[in-house]
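These notes concern the structure reproduced below.
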Amino acid sequence: MRQRHPYDWDDLFLDAALDPGKWLGALDTMASRTGSSRGQLIGVGAGRDIPFNMVTSFTPAMIRKPESHDWYSETANFRVAASNRQVARGHYDPILHEDHYDAVIPSLASRDYIEWCEEIGIPFGCQTNLVVDDFGIVGLSTLRSRRDGRTTPAQRQIFAEAAVAARRAVRLQEKLEGHQAHLFAGAFDAIAINAFIIDARGHLLAHTVAAEALLQSGAVRCVGQSIDANGAPHTLRALIQELLVEGGAPHVRTMLAATDESEPLMIEGFRLPEREWSLGRLPHAILVVNAPRRDRAGVTAYLSAIYRLSLAEADIALRLFEGKTRPQISEERGVTSETLRGQIKQIYQKCGVNGEAALMRRLAPFFA
């Protein structure tokens, strides 16, 4: 009889960490190999700027239902209750399963979540915490139907092996997300732009060397984990808040108040293109002190830094803003129309827009 080789979970989950679009595929593989209908990766906690919940073979409405009914509390959700009970005892990442659910179900204040799980076919499963920190919890689960049955010890062993790799992958993705702010700061330092990088909670993630001088002088002050300064028509804190709120402006500017020894400073805030989901560590907006140079070289370098455009893509974006047609741009840059079409598609994607009109609105602040 041929010996069964263990599955290489590291290849599967680390690939997802490098390309987050592959997480659902990884979860689906985990579910299949444990005999489960669905796999889940969930992030909860007030510290996570973008809470996420990925479940294979779930519709968006199914994912939103527990949120709309407040079923993520330990008084309503047996999965949350079982996890919280273990965390309270100092056990942060055990493999929890149906026996643990059975132990907490009698203490729930309502059976609504239980009945919903029966209705959609996920009454059983197992779970573990991948990360428990100040940002909240990242959890991994299999969700099972009555046809799947309760998990067996062998299935839980496979899940435990997968969880080890998933934990490494989540931590890697968090580090990659966290380093992006410092990569931005380094890029701005390289082109002598004075900038602060903030996350979706308004917390300061990184800043350039020149921005450090503003903090040292008191022109910009730290307030907890965020920054503030007097200004008109907005304080710096109000400008940041406008960038944070849903539906807020993608670009805001204000004049910081002058001190006795300095001139007033213009500061502009730019919201970065949104990702479909993240683990909560991505930069959300960039605050630039003093407007970038409006000449072609200055704006091209700025667009390359803020939106990760290549120099060629930044140049094409500027030519589009100048009103040049695509045939003109193809001829001037010496590329085929097909190549140009692909480059423009990349520009839209990187700038977080869905067409040329939206791109023009995105570029307008750089020339205002």
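Naming scheme: A, B, ... for chains in displayed order of the structure tokens; residues 1 onward per chain; ligands 1 onward as shown.
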
For Phe321 (chain A), find every residue with an atom within 8 Å (counting only C-alpha atoms), except residues of its own chain fewer than 4 positions away, and show them as an NGL selection string. :A and (317 or 360 or 363)

Write the selection just made, keeping N, CA, C and O atoms, as an mmCIF file, in the first residue's frame?
data_model
loop_
_atom_site.group_PDB
_atom_site.id
_atom_site.type_symbol
_atom_site.label_atom_id
_atom_site.label_comp_id
_atom_site.auth_asym_id
_atom_site.auth_seq_id
_atom_site.Cartn_x
_atom_site.Cartn_y
_atom_site.Cartn_z
ATOM 1 N N ALA A 317 -0.198 58.888 -18.026
ATOM 2 C CA ALA A 317 -1.292 59.520 -17.282
ATOM 3 C C ALA A 317 -1.275 61.033 -17.495
ATOM 4 O O ALA A 317 -2.325 61.662 -17.681
ATOM 5 N N MET A 360 -8.967 61.496 -14.645
ATOM 6 C CA MET A 360 -8.768 62.947 -14.746
ATOM 7 C C MET A 360 -9.098 63.633 -13.412
ATOM 8 O O MET A 360 -8.400 64.553 -12.977
ATOM 9 N N LEU A 363 -6.259 63.025 -11.036
ATOM 10 C CA LEU A 363 -5.039 63.778 -11.320
ATOM 11 C C LEU A 363 -5.197 65.285 -11.099
ATOM 12 O O LEU A 363 -4.211 65.993 -10.903
#

Mind giving me the straight-line distance from CA of Ala232 (chain A) to CA of Leu287 (chain A) in Å, one decimal?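 Computing the Euclidean distance for CA of Ala232 (chain A) and CA of Leu287 (chain A) yields 15.5 Å.
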
A:Glu177, A:Glu338, A:Glu119, A:Glu212: which is nearest Asp189 (chain A), counting only C-alpha atoms?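 Of A:Glu177, A:Glu338, A:Glu119, A:Glu212, the one nearest Asp189 (chain A), counting only C-alpha atoms, is A:Glu212.
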
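Residue neighbourhood of Asn129 (chain A), excluding near-sequence residues (fewer than 6 positions): Ser83, Tyr92, Asp93, Pro94, Ile95, Ile137, Val138, Gly139, Leu140, Ser141, Ala163 and Arg167 of chain A, at 9 Å, using only C-alpha atoms.
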
Rounded to one decimal in Å, what is the spacing between CA of Phe196 (chain A) and CA of Ala211 (chain A)? 6.7 Å
